[in-house]
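Note: the block below is start15.json and it holds JSON, C-alpha atoms and all ligand atoms.
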[["chain", "number", "residue", "atom", "x", "y", "z"],
["A", 1, "LEU", "CA", 30.83, 40.78, 9.05],
["A", 2, "THR", "CA", 31.61, 44.12, 10.67],
["A", 3, "ASN", "CA", 29.34, 46.05, 8.28],
["A", 4, "LYS", "CA", 26.22, 47.57, 9.79],
["A", 5, "LYS", "CA", 24.34, 47.00, 6.55],
["A", 6, "PHE", "CA", 24.22, 43.28, 7.27],
["A", 7, "HIS", "CA", 23.99, 43.57, 11.05],
["A", 8, "PRO", "CA", 21.97, 46.70, 11.87],
["A", 9, "GLU", "CA", 21.79, 46.16, 15.61],
["A", 10, "ASP", "CA", 24.72, 47.51, 17.66],
["A", 11, "SER", "CA", 26.74, 44.73, 19.27],
["A", 12, "THR", "CA", 27.50, 44.38, 22.94],
["A", 13, "ILE", "CA", 30.78, 42.66, 23.74],
["A", 14, "THR", "CA", 31.08, 41.01, 27.12],
["A", 15, "VAL", "CA", 34.33, 40.69, 29.02],
["A", 16, "GLY", "CA", 33.49, 38.58, 32.05],
["A", 17, "ASN", "CA", 30.85, 40.59, 33.91],
["A", 18, "VAL", "CA", 31.62, 43.79, 31.98],
["A", 19, "SER", "CA", 29.60, 44.83, 28.94],
["A", 20, "ILE", "CA", 30.88, 47.11, 26.21],
["A", 21, "GLY", "CA", 28.16, 48.42, 23.95],
["A", 22, "PRO", "CA", 25.24, 50.77, 23.47],
["A", 23, "LYS", "CA", 23.70, 50.48, 26.91],
["A", 24, "THR", "CA", 26.74, 51.16, 29.04],
["A", 25, "LEU", "CA", 29.72, 53.44, 29.44],
["A", 26, "THR", "CA", 32.78, 51.29, 30.07],
["A", 27, "ILE", "CA", 35.79, 52.91, 31.64],
["A", 28, "MET", "CA", 39.18, 51.25, 31.28],
["A", 29, "ALA", "CA", 41.95, 52.83, 33.29],
["A", 30, "GLY", "CA", 45.44, 52.08, 34.49],
["A", 31, "PRO", "CA", 49.08, 52.79, 33.88],
["A", 32, "CYS", "CA", 50.68, 52.98, 30.47],
["A", 33, "ALA", "CA", 53.09, 50.24, 31.53],
["A", 34, "VAL", "CA", 53.03, 47.72, 34.34],
["A", 35, "GLU", "CA", 56.10, 48.73, 36.34],
["A", 36, "SER", "CA", 55.79, 46.82, 39.62],
["A", 37, "ALA", "CA", 53.30, 44.71, 41.57],
["A", 38, "ASP", "CA", 52.64, 47.59, 43.97],
["A", 39, "GLN", "CA", 52.19, 50.18, 41.24],
["A", 40, "VAL", "CA", 49.56, 48.16, 39.40],
["A", 41, "MET", "CA", 47.80, 46.99, 42.59],
["A", 42, "GLU", "CA", 47.58, 50.51, 43.98],
["A", 43, "THR", "CA", 46.28, 51.83, 40.66],
["A", 44, "ALA", "CA", 43.74, 49.02, 40.36],
["A", 45, "MET", "CA", 42.28, 49.83, 43.77],
["A", 46, "ALA", "CA", 42.13, 53.56, 43.02],
["A", 47, "VAL", "CA", 40.50, 53.27, 39.59],
["A", 48, "LYS", "CA", 37.99, 50.71, 40.83],
["A", 49, "LYS", "CA", 36.95, 53.05, 43.62],
["A", 50, "ALA", "CA", 36.59, 55.92, 41.15],
["A", 51, "GLY", "CA", 34.31, 53.90, 38.84],
["A", 52, "ALA", "CA", 36.39, 52.03, 36.28],
["A", 53, "SER", "CA", 35.33, 48.49, 35.38],
["A", 54, "MET", "CA", 38.50, 47.44, 33.56],
["A", 55, "LEU", "CA", 42.20, 47.69, 34.35],
["A", 56, "ARG", "CA", 44.64, 48.52, 31.56],
["A", 57, "GLY", "CA", 48.40, 48.10, 31.72],
["A", 58, "GLY", "CA", 51.10, 47.30, 29.20],
["A", 59, "ALA", "CA", 53.45, 44.38, 29.71],
["A", 60, "TYR", "CA", 54.78, 44.46, 26.12],
["A", 61, "LYS", "CA", 55.45, 48.06, 25.21],
["A", 62, "PRO", "CA", 55.87, 49.12, 21.57],
["A", 63, "ARG", "CA", 58.37, 51.93, 22.27],
["A", 64, "THR", "CA", 59.73, 54.27, 19.63],
["A", 65, "SER", "CA", 63.27, 53.77, 20.92],
["A", 66, "PRO", "CA", 64.71, 50.30, 21.56],
["A", 67, "TYR", "CA", 66.47, 51.77, 24.60],
["A", 68, "SER", "CA", 63.22, 52.82, 26.33],
["A", 69, "PHE", "CA", 61.52, 50.55, 28.90],
["A", 70, "GLN", "CA", 60.08, 47.60, 26.98],
["A", 71, "GLY", "CA", 57.77, 46.13, 29.63],
["A", 72, "LEU", "CA", 57.87, 43.35, 32.22],
["A", 73, "GLU", "CA", 56.34, 40.78, 29.85],
["A", 74, "GLU", "CA", 54.99, 37.66, 31.60],
["A", 75, "THR", "CA", 55.83, 38.97, 35.07],
["A", 76, "GLY", "CA", 53.80, 42.07, 34.26],
["A", 77, "LEU", "CA", 50.87, 39.93, 33.11],
["A", 78, "GLN", "CA", 50.91, 38.13, 36.45],
["A", 79, "TYR", "CA", 50.81, 41.49, 38.28],
["A", 80, "MET", "CA", 47.84, 42.51, 36.12],
["A", 81, "LYS", "CA", 46.02, 39.28, 36.91],
["A", 82, "ASP", "CA", 46.66, 39.63, 40.64],
["A", 83, "ALA", "CA", 45.54, 43.27, 40.69],
["A", 84, "GLY", "CA", 42.46, 42.57, 38.56],
["A", 85, "GLU", "CA", 41.37, 39.78, 40.87],
["A", 86, "ALA", "CA", 42.04, 41.81, 44.02],
["A", 87, "ALA", "CA", 40.16, 44.88, 42.78],
["A", 88, "ASP", "CA", 37.46, 42.96, 40.87],
["A", 89, "LEU", "CA", 38.36, 44.53, 37.55],
["A", 90, "ARG", "CA", 38.58, 42.79, 34.20],
["A", 91, "THR", "CA", 41.98, 43.27, 32.59],
["A", 92, "ILE", "CA", 43.27, 44.35, 29.19],
["A", 93, "CYS", "CA", 46.84, 44.15, 27.95],
["A", 94, "GLU", "CA", 48.46, 44.86, 24.60],
["A", 95, "VAL", "CA", 50.24, 42.13, 22.69],
["A", 96, "THR", "CA", 52.88, 43.01, 20.12],
["A", 97, "SER", "CA", 53.52, 39.54, 18.70],
["A", 98, "ILE", "CA", 51.97, 36.11, 18.29],
["A", 99, "HIS", "CA", 54.36, 34.87, 20.98],
["A", 100, "ALA", "CA", 53.06, 37.49, 23.45],
["A", 101, "LEU", "CA", 49.49, 36.63, 22.52],
["A", 102, "GLU", "CA", 49.98, 32.97, 23.39],
["A", 103, "ILE", "CA", 51.18, 33.95, 26.86],
["A", 104, "ALA", "CA", 48.75, 36.82, 27.47],
["A", 105, "VAL", "CA", 45.57, 34.77, 26.89],
["A", 106, "LYS", "CA", 46.46, 32.83, 30.05],
["A", 107, "TYR", "CA", 46.47, 35.99, 32.19],
["A", 108, "VAL", "CA", 44.14, 38.69, 30.88],
["A", 109, "ASP", "CA", 40.45, 39.01, 29.98],
["A", 110, "MET", "CA", 40.86, 41.15, 26.87],
["A", 111, "ILE", "CA", 43.65, 41.64, 24.34],
["A", 112, "GLN", "CA", 44.65, 45.00, 22.94],
["A", 113, "ILE", "CA", 46.10, 45.38, 19.48],
["A", 114, "GLY", "CA", 47.95, 48.68, 19.49],
["A", 115, "ALA", "CA", 48.05, 51.35, 16.83],
["A", 116, "ARG", "CA", 51.40, 50.12, 15.51],
["A", 117, "ASN", "CA", 50.06, 46.64, 14.89],
["A", 118, "MET", "CA", 46.66, 47.51, 13.45],
["A", 119, "GLN", "CA", 47.67, 46.06, 10.10],
["A", 120, "ASN", "CA", 49.80, 43.20, 11.42],
["A", 121, "PHE", "CA", 47.55, 40.77, 9.60],
["A", 122, "GLU", "CA", 49.20, 37.61, 10.92],
["A", 123, "LEU", "CA", 48.66, 38.84, 14.48],
["A", 124, "LEU", "CA", 45.06, 39.81, 13.69],
["A", 125, "LYS", "CA", 44.36, 36.33, 12.32],
["A", 126, "GLU", "CA", 45.82, 34.66, 15.41],
["A", 127, "VAL", "CA", 43.77, 36.88, 17.74],
["A", 128, "GLY", "CA", 40.78, 35.95, 15.61],
["A", 129, "LYS", "CA", 41.42, 32.26, 16.21],
["A", 130, "THR", "CA", 41.57, 32.64, 20.00],
["A", 131, "GLY", "CA", 38.05, 34.03, 20.37],
["A", 132, "ILE", "CA", 39.16, 36.26, 23.28],
["A", 133, "PRO", "CA", 37.64, 39.78, 23.40],
["A", 134, "VAL", "CA", 39.93, 42.20, 21.60],
["A", 135, "MET", "CA", 40.24, 45.95, 21.41],
["A", 136, "LEU", "CA", 41.66, 47.09, 18.09],
["A", 137, "LYS", "CA", 43.23, 50.53, 18.18],
["A", 138, "ARG", "CA", 43.30, 52.72, 15.12],
["A", 139, "GLY", "CA", 46.61, 52.83, 13.27],
["A", 140, "LEU", "CA", 48.65, 56.03, 13.45],
["A", 141, "SER", "CA", 47.74, 56.96, 9.88],
["A", 142, "ALA", "CA", 44.94, 54.54, 9.12],
["A", 143, "THR", "CA", 41.74, 55.53, 7.40],
["A", 144, "ILE", "CA", 38.47, 54.34, 8.90],
["A", 145, "ASP", "CA", 38.08, 51.96, 6.01],
["A", 146, "GLU", "CA", 41.51, 50.39, 6.58],
["A", 147, "TRP", "CA", 40.68, 50.10, 10.28],
["A", 148, "LEU", "CA", 37.40, 48.34, 9.59],
["A", 149, "ASN", "CA", 39.15, 45.96, 7.22],
["A", 150, "ALA", "CA", 41.61, 45.14, 10.02],
["A", 151, "ALA", "CA", 38.65, 44.39, 12.31],
["A", 152, "GLU", "CA", 37.22, 42.22, 9.55],
["A", 153, "TYR", "CA", 40.38, 40.08, 9.65],
["A", 154, "ILE", "CA", 39.67, 39.22, 13.29],
["A", 155, "VAL", "CA", 35.97, 38.59, 12.87],
["A", 156, "ALA", "CA", 36.55, 36.52, 9.70],
["A", 157, "GLU", "CA", 38.51, 34.04, 11.81],
["A", 158, "GLY", "CA", 35.44, 33.50, 13.98],
["A", 159, "ASN", "CA", 36.03, 36.03, 16.76],
["A", 160, "ALA", "CA", 33.16, 38.52, 16.83],
["A", 161, "ASN", "CA", 34.27, 40.04, 20.15],
["A", 162, "VAL", "CA", 35.90, 43.11, 18.67],
["A", 163, "VAL", "CA", 35.84, 46.64, 20.08],
["A", 164, "LEU", "CA", 37.36, 49.59, 18.19],
["A", 165, "CYS", "CA", 39.44, 52.30, 19.88],
["A", 166, "GLU", "CA", 40.05, 55.76, 18.43],
["A", 167, "ARG", "CA", 43.37, 57.02, 19.81],
["A", 168, "GLY", "CA", 44.21, 59.95, 17.59],
["A", 169, "ILE", "CA", 45.80, 60.15, 14.17],
["A", 170, "ARG", "CA", 48.85, 61.90, 12.76],
["A", 171, "THR", "CA", 48.22, 65.34, 11.37],
["A", 172, "PHE", "CA", 50.27, 68.51, 10.88],
["A", 173, "GLU", "CA", 49.17, 69.75, 14.33],
["A", 174, "LYS", "CA", 51.89, 69.53, 16.96],
["A", 175, "ALA", "CA", 50.10, 71.05, 19.99],
["A", 176, "THR", "CA", 48.87, 67.58, 20.85],
["A", 177, "ARG", "CA", 50.69, 64.28, 20.40],
["A", 178, "ASN", "CA", 48.09, 63.13, 17.89],
["A", 179, "THR", "CA", 44.81, 64.61, 16.71],
["A", 180, "LEU", "CA", 41.77, 62.97, 18.25],
["A", 181, "ASP", "CA", 39.46, 62.21, 15.35],
["A", 182, "LEU", "CA", 36.16, 62.49, 17.16],
["A", 183, "SER", "CA", 34.30, 62.39, 13.88],
["A", 184, "ALA", "CA", 35.39, 58.75, 13.67],
["A", 185, "VAL", "CA", 32.87, 57.97, 16.41],
["A", 186, "PRO", "CA", 29.68, 58.87, 14.50],
["A", 187, "VAL", "CA", 31.22, 57.61, 11.25],
["A", 188, "LEU", "CA", 31.91, 54.21, 12.82],
["A", 189, "LYS", "CA", 28.45, 54.17, 14.37],
["A", 190, "ALA", "CA", 27.03, 54.55, 10.86],
["A", 191, "LYS", "CA", 29.30, 51.94, 9.28],
["A", 192, "THR", "CA", 29.65, 49.19, 11.88],
["A", 193, "HIS", "CA", 27.83, 47.54, 14.76],
["A", 194, "LEU", "CA", 31.05, 47.12, 16.76],
["A", 195, "PRO", "CA", 31.41, 49.15, 20.00],
["A", 196, "VAL", "CA", 33.68, 52.21, 19.97],
["A", 197, "ILE", "CA", 36.01, 53.33, 22.75],
["A", 198, "VAL", "CA", 37.99, 56.58, 22.81],
["A", 199, "ASP", "CA", 41.48, 56.94, 24.28],
["A", 200, "PRO", "CA", 42.02, 60.66, 25.01],
["A", 201, "SER", "CA", 45.37, 59.95, 26.71],
["A", 202, "HIS", "CA", 47.33, 58.76, 23.67],
["A", 203, "ALA", "CA", 45.31, 61.10, 21.44],
["A", 204, "THR", "CA", 46.53, 64.22, 23.24],
["A", 205, "GLY", "CA", 49.64, 63.27, 25.20],
["A", 206, "VAL", "CA", 48.70, 66.04, 27.64],
["A", 207, "ARG", "CA", 47.05, 65.42, 31.02],
["A", 208, "ALA", "CA", 45.04, 68.64, 30.99],
["A", 209, "TYR", "CA", 43.26, 67.73, 27.76],
["A", 210, "VAL", "CA", 42.14, 64.26, 28.85],
["A", 211, "ALA", "CA", 39.05, 65.35, 30.80],
["A", 212, "PRO", "CA", 37.53, 67.70, 28.20],
["A", 213, "LEU", "CA", 38.02, 65.16, 25.41],
["A", 214, "SER", "CA", 36.61, 62.35, 27.56],
["A", 215, "LYS", "CA", 33.40, 64.34, 27.87],
["A", 216, "ALA", "CA", 33.42, 65.18, 24.18],
["A", 217, "ALA", "CA", 33.88, 61.51, 23.30],
["A", 218, "ILE", "CA", 30.84, 60.51, 25.30],
["A", 219, "ALA", "CA", 28.81, 63.31, 23.76],
["A", 220, "ALA", "CA", 29.86, 62.04, 20.31],
["A", 221, "GLY", "CA", 28.51, 58.58, 21.16],
["A", 222, "ALA", "CA", 31.52, 56.59, 22.35],
["A", 223, "ASP", "CA", 30.73, 53.44, 24.32],
["A", 224, "GLY", "CA", 33.61, 53.93, 26.70],
["A", 225, "LEU", "CA", 36.97, 55.44, 27.50],
["A", 226, "MET", "CA", 40.49, 54.20, 27.98],
["A", 227, "VAL", "CA", 42.46, 56.52, 30.26],
["A", 228, "GLU", "CA", 46.02, 56.32, 31.57],
["A", 229, "VAL", "CA", 46.32, 56.71, 35.34],
["A", 230, "HIS", "CA", 49.51, 56.47, 37.41],
["A", 231, "PRO", "CA", 50.17, 56.76, 41.19],
["A", 232, "CYS", "CA", 53.06, 59.13, 40.42],
["A", 233, "PRO", "CA", 52.94, 60.42, 36.83],
["A", 234, "GLU", "CA", 56.27, 62.20, 37.14],
["A", 235, "CYS", "CA", 57.93, 58.89, 38.10],
["A", 236, "ALA", "CA", 56.28, 56.92, 35.26],
["A", 237, "LEU", "CA", 58.54, 54.89, 32.97],
["A", 238, "SER", "CA", 56.33, 55.82, 30.00],
["A", 239, "ASP", "CA", 53.67, 58.39, 29.14],
["A", 240, "GLY", "CA", 53.87, 60.29, 32.44],
["A", 241, "PRO", "CA", 52.88, 63.66, 30.91],
["A", 242, "GLN", "CA", 49.51, 62.29, 29.79],
["A", 243, "SER", "CA", 48.80, 60.14, 32.85],
["A", 244, "LEU", "CA", 46.19, 61.29, 35.34],
["A", 245, "THR", "CA", 46.82, 61.18, 39.08],
["A", 246, "PHE", "CA", 44.32, 59.25, 41.20],
["A", 247, "GLU", "CA", 42.80, 62.56, 42.19],
["A", 248, "ASP", "CA", 42.45, 63.73, 38.56],
["A", 249, "PHE", "CA", 40.84, 60.43, 37.62],
["A", 250, "ASN", "CA", 38.42, 60.59, 40.52],
["A", 251, "GLN", "CA", 37.39, 64.05, 39.51],
["A", 252, "LEU", "CA", 36.97, 63.00, 35.88],
["A", 253, "CYS", "CA", 34.71, 60.08, 36.84],
["A", 254, "ASP", "CA", 32.66, 62.32, 39.11],
["A", 255, "ASN", "CA", 32.12, 64.73, 36.25],
["A", 256, "LEU", "CA", 31.19, 62.20, 33.58],
["A", 257, "ASP", "CA", 27.58, 61.75, 32.71],
["A", 258, "PRO", "CA", 27.21, 58.09, 31.76],
["A", 259, "TYR", "CA", 23.76, 58.81, 30.36],
["A", 260, "ALA", "CA", 24.93, 61.59, 28.04],
["A", 261, "LYS", "CA", 25.43, 59.19, 25.15],
["A", 262, "LEU", "CA", 21.95, 57.76, 25.56],
["A", 263, "ALA", "CA", 20.29, 61.15, 25.35],
["B", 1, "LIG", "C1", 48.78, 51.84, 24.73],
["B", 1, "LIG", "O1", 47.55, 51.94, 24.84],
["B", 1, "LIG", "O2", 49.50, 51.40, 25.62],
["B", 1, "LIG", "C2", 49.43, 52.27, 23.48],
["B", 1, "LIG", "C3", 50.72, 52.01, 23.23],
["B", 1, "LIG", "O3", 48.62, 52.95, 22.67],
["B", 1, "LIG", "P1", 48.66, 53.15, 21.06],
["B", 1, "LIG", "O4", 48.84, 51.78, 20.48],
["B", 1, "LIG", "O5", 47.33, 53.75, 20.79],
["B", 1, "LIG", "O6", 49.79, 54.07, 20.79],
["B", 2, "MN", "MN", 50.84, 54.81, 26.96]]
Would you encode the structure as structure tokens?
Amino acid sequence: LTNKKFHPEDSTITVGNVSIGPKTLTIMAGPCAVESADQVMETAMAVKKAGASMLRGGAYKPRTSPYSFQGLEETGLQYMKDAGEAADLRTICEVTSIHALEIAVKYVDMIQIGARNMQNFELLKEVGKTGIPVMLKRGLSATIDEWLNAAEYIVAEGNANVVLCERGIRTFEKATRNTLDLSAVPVLKAKTHLPVIVDPSHATGVRAYVAPLSKAAIAAGADGLMVEVHPCPECALSDGPQSLTFEDFNQLCDNLDPYAKLA
């Protein structure tokens, strides 16, 4: 169902009034984690003004350490909903369990399956049953084939609204948090009709590398970007070092050529 051989035309996934697909460049931006109503509202207003069409923010955080901030859960989802409505942005939030999924579908427009849950097949099947648009991130060490099979799990349940997100893979290189596999973009374009988003924030873990790789992703044919933005990166409860300030994000949006991928 995800194979381009049987579906040669590239798909466009709609999330409310936002389209993700070959004719647009969709920018999703927002904090790593929802930390407070003010933080997410302020960020929503800033990223909307800069040119984003979707607000990201985690309310269920899959943290490496159990002692790190785990997210505001349902309260955070409510803050996302309020900020999305106020700024006229569609919203996307990660779910880490079936329980979180059941709650999140009441608050957000799109569900994110994070890298750590890419092969959580029970979760994929449940997301498939909901029919809600879903962004499936690549697993930390997943091959493209494993990733496409994970997408197939969702589509096989009747939910064709799947977008893939390359967010870097584990390699021997330590200069960046992960290694952005930009070659995945043209490979996916050859293998599947599903839209492809690139997340240069989690791929690099370093603020200064987000802008150059955003441009590279578009040049490689990505249908959009997911970028972490925070009102005060040094105060962030998670992923501060890779989060852009409002000013950085503004500058990035000003320098992006949304038509580059169509050329
Ligand atoms: C995220 O986008 O909030 C996140 C945790 O990313 P990943 O699953 O790619 O690590
Ligand atoms: Mn993050």
For a quick check of understanding, using only C-alpha atoms and all ligand atoms, which of A:Ala86, A:Leu123, A:Met226, A:Cys232 has the smallest distance to ligand MN 2 (chain B)?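 Closest to ligand MN 2 (chain B) of all the choices is A:Met226.
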Give me the residues within 10 Å of Ile20 in chain A as a PDB file with C-alpha atoms, keeping the file's coordinate frame, counting only C-alpha atoms and dropping any in the same chain fewer than 3 places off.
ATOM      1  CA  SER A  11      26.740  44.730  19.270  1.00  0.00           C
ATOM      2  CA  THR A  12      27.500  44.380  22.940  1.00  0.00           C
ATOM      3  CA  ILE A  13      30.780  42.660  23.740  1.00  0.00           C
ATOM      4  CA  THR A  14      31.080  41.010  27.120  1.00  0.00           C
ATOM      5  CA  VAL A  15      34.330  40.690  29.020  1.00  0.00           C
ATOM      6  CA  LYS A  23      23.700  50.480  26.910  1.00  0.00           C
ATOM      7  CA  THR A  24      26.740  51.160  29.040  1.00  0.00           C
ATOM      8  CA  LEU A  25      29.720  53.440  29.440  1.00  0.00           C
ATOM      9  CA  THR A  26      32.780  51.290  30.070  1.00  0.00           C
ATOM     10  CA  ILE A  27      35.790  52.910  31.640  1.00  0.00           C
ATOM     11  CA  ASN A 161      34.270  40.040  20.150  1.00  0.00           C
ATOM     12  CA  VAL A 162      35.900  43.110  18.670  1.00  0.00           C
ATOM     13  CA  VAL A 163      35.840  46.640  20.080  1.00  0.00           C
ATOM     14  CA  LEU A 194      31.050  47.120  16.760  1.00  0.00           C
ATOM     15  CA  PRO A 195      31.410  49.150  20.000  1.00  0.00           C
ATOM     16  CA  VAL A 196      33.680  52.210  19.970  1.00  0.00           C
ATOM     17  CA  ILE A 197      36.010  53.330  22.750  1.00  0.00           C
ATOM     18  CA  ASP A 223      30.730  53.440  24.320  1.00  0.00           C
ATOM     19  CA  GLY A 224      33.610  53.930  26.700  1.00  0.00           C
TER      20      GLY A 224
END
10 Å shell around ligand MN 2 (chain B) using all atoms listed in the file, listed as a PDB file with C-alpha atoms, in the coordinates of the input:
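Written file, result.pdb:
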ATOM      1  CA  GLY A  30      45.440  52.080  34.490  1.00  0.00           C
ATOM      2  CA  PRO A  31      49.080  52.790  33.880  1.00  0.00           C
ATOM      3  CA  CYS A  32      50.680  52.980  30.470  1.00  0.00           C
ATOM      4  CA  ALA A  33      53.090  50.240  31.530  1.00  0.00           C
ATOM      5  CA  ARG A  56      44.640  48.520  31.560  1.00  0.00           C
ATOM      6  CA  GLY A  57      48.400  48.100  31.720  1.00  0.00           C
ATOM      7  CA  GLY A  58      51.100  47.300  29.200  1.00  0.00           C
ATOM      8  CA  LYS A  61      55.450  48.060  25.210  1.00  0.00           C
ATOM      9  CA  PRO A  62      55.870  49.120  21.570  1.00  0.00           C
ATOM     10  CA  ARG A  63      58.370  51.930  22.270  1.00  0.00           C
ATOM     11  CA  ASP A 199      41.480  56.940  24.280  1.00  0.00           C
ATOM     12  CA  SER A 201      45.370  59.950  26.710  1.00  0.00           C
ATOM     13  CA  HIS A 202      47.330  58.760  23.670  1.00  0.00           C
ATOM     14  CA  GLY A 205      49.640  63.270  25.200  1.00  0.00           C
ATOM     15  CA  VAL A 227      42.460  56.520  30.260  1.00  0.00           C
ATOM     16  CA  GLU A 228      46.020  56.320  31.570  1.00  0.00           C
ATOM     17  CA  VAL A 229      46.320  56.710  35.340  1.00  0.00           C
ATOM     18  CA  LEU A 237      58.540  54.890  32.970  1.00  0.00           C
ATOM     19  CA  SER A 238      56.330  55.820  30.000  1.00  0.00           C
ATOM     20  CA  ASP A 239      53.670  58.390  29.140  1.00  0.00           C
ATOM     21  CA  GLY A 240      53.870  60.290  32.440  1.00  0.00           C
ATOM     22  CA  PRO A 241      52.880  63.660  30.910  1.00  0.00           C
ATOM     23  CA  GLN A 242      49.510  62.290  29.790  1.00  0.00           C
ATOM     24  CA  SER A 243      48.800  60.140  32.850  1.00  0.00           C
TER      25      SER A 243
END
Please identify all polymer residues lying at most 10 Å from the point (39.0, 40.8, 29.6) (file coordinates), using all atoms listed in the file, and present the result as a CSV table (one decimal) with C-alpha atoms, keeping the file's coordinate frame.
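The file below, out.csv, is the result:
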chain,number,residue,atom,x,y,z
A,14,THR,CA,31.1,41.0,27.1
A,15,VAL,CA,34.3,40.7,29.0
A,16,GLY,CA,33.5,38.6,32.0
A,17,ASN,CA,30.8,40.6,33.9
A,18,VAL,CA,31.6,43.8,32.0
A,54,MET,CA,38.5,47.4,33.6
A,55,LEU,CA,42.2,47.7,34.4
A,56,ARG,CA,44.6,48.5,31.6
A,84,GLY,CA,42.5,42.6,38.6
A,89,LEU,CA,38.4,44.5,37.6
A,90,ARG,CA,38.6,42.8,34.2
A,91,THR,CA,42.0,43.3,32.6
A,92,ILE,CA,43.3,44.4,29.2
A,93,CYS,CA,46.8,44.2,28.0
A,105,VAL,CA,45.6,34.8,26.9
A,107,TYR,CA,46.5,36.0,32.2
A,108,VAL,CA,44.1,38.7,30.9
A,109,ASP,CA,40.4,39.0,30.0
A,110,MET,CA,40.9,41.2,26.9
A,111,ILE,CA,43.6,41.6,24.3
A,112,GLN,CA,44.6,45.0,22.9
A,132,ILE,CA,39.2,36.3,23.3
A,133,PRO,CA,37.6,39.8,23.4
A,134,VAL,CA,39.9,42.2,21.6
A,135,MET,CA,40.2,46.0,21.4
Expressed in Å to a single decimal, how great is the separation between CA of Glu35 in chain A and CA of Leu164 in chain A?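 Between CA of Glu35 in chain A and CA of Leu164 in chain A the gap works out to 26.1 Å.
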If we count all atoms listed in the file and set the cut-off at 8 Å, which residues sit around range 246-259 of chain A, ignoring sequence neighbours fewer than 3 positions away in its own chain? Please answer as a PyMOL selection string. chain A and resi 24-25+43+46-47+50-51+211+215+218+229-231+262-263
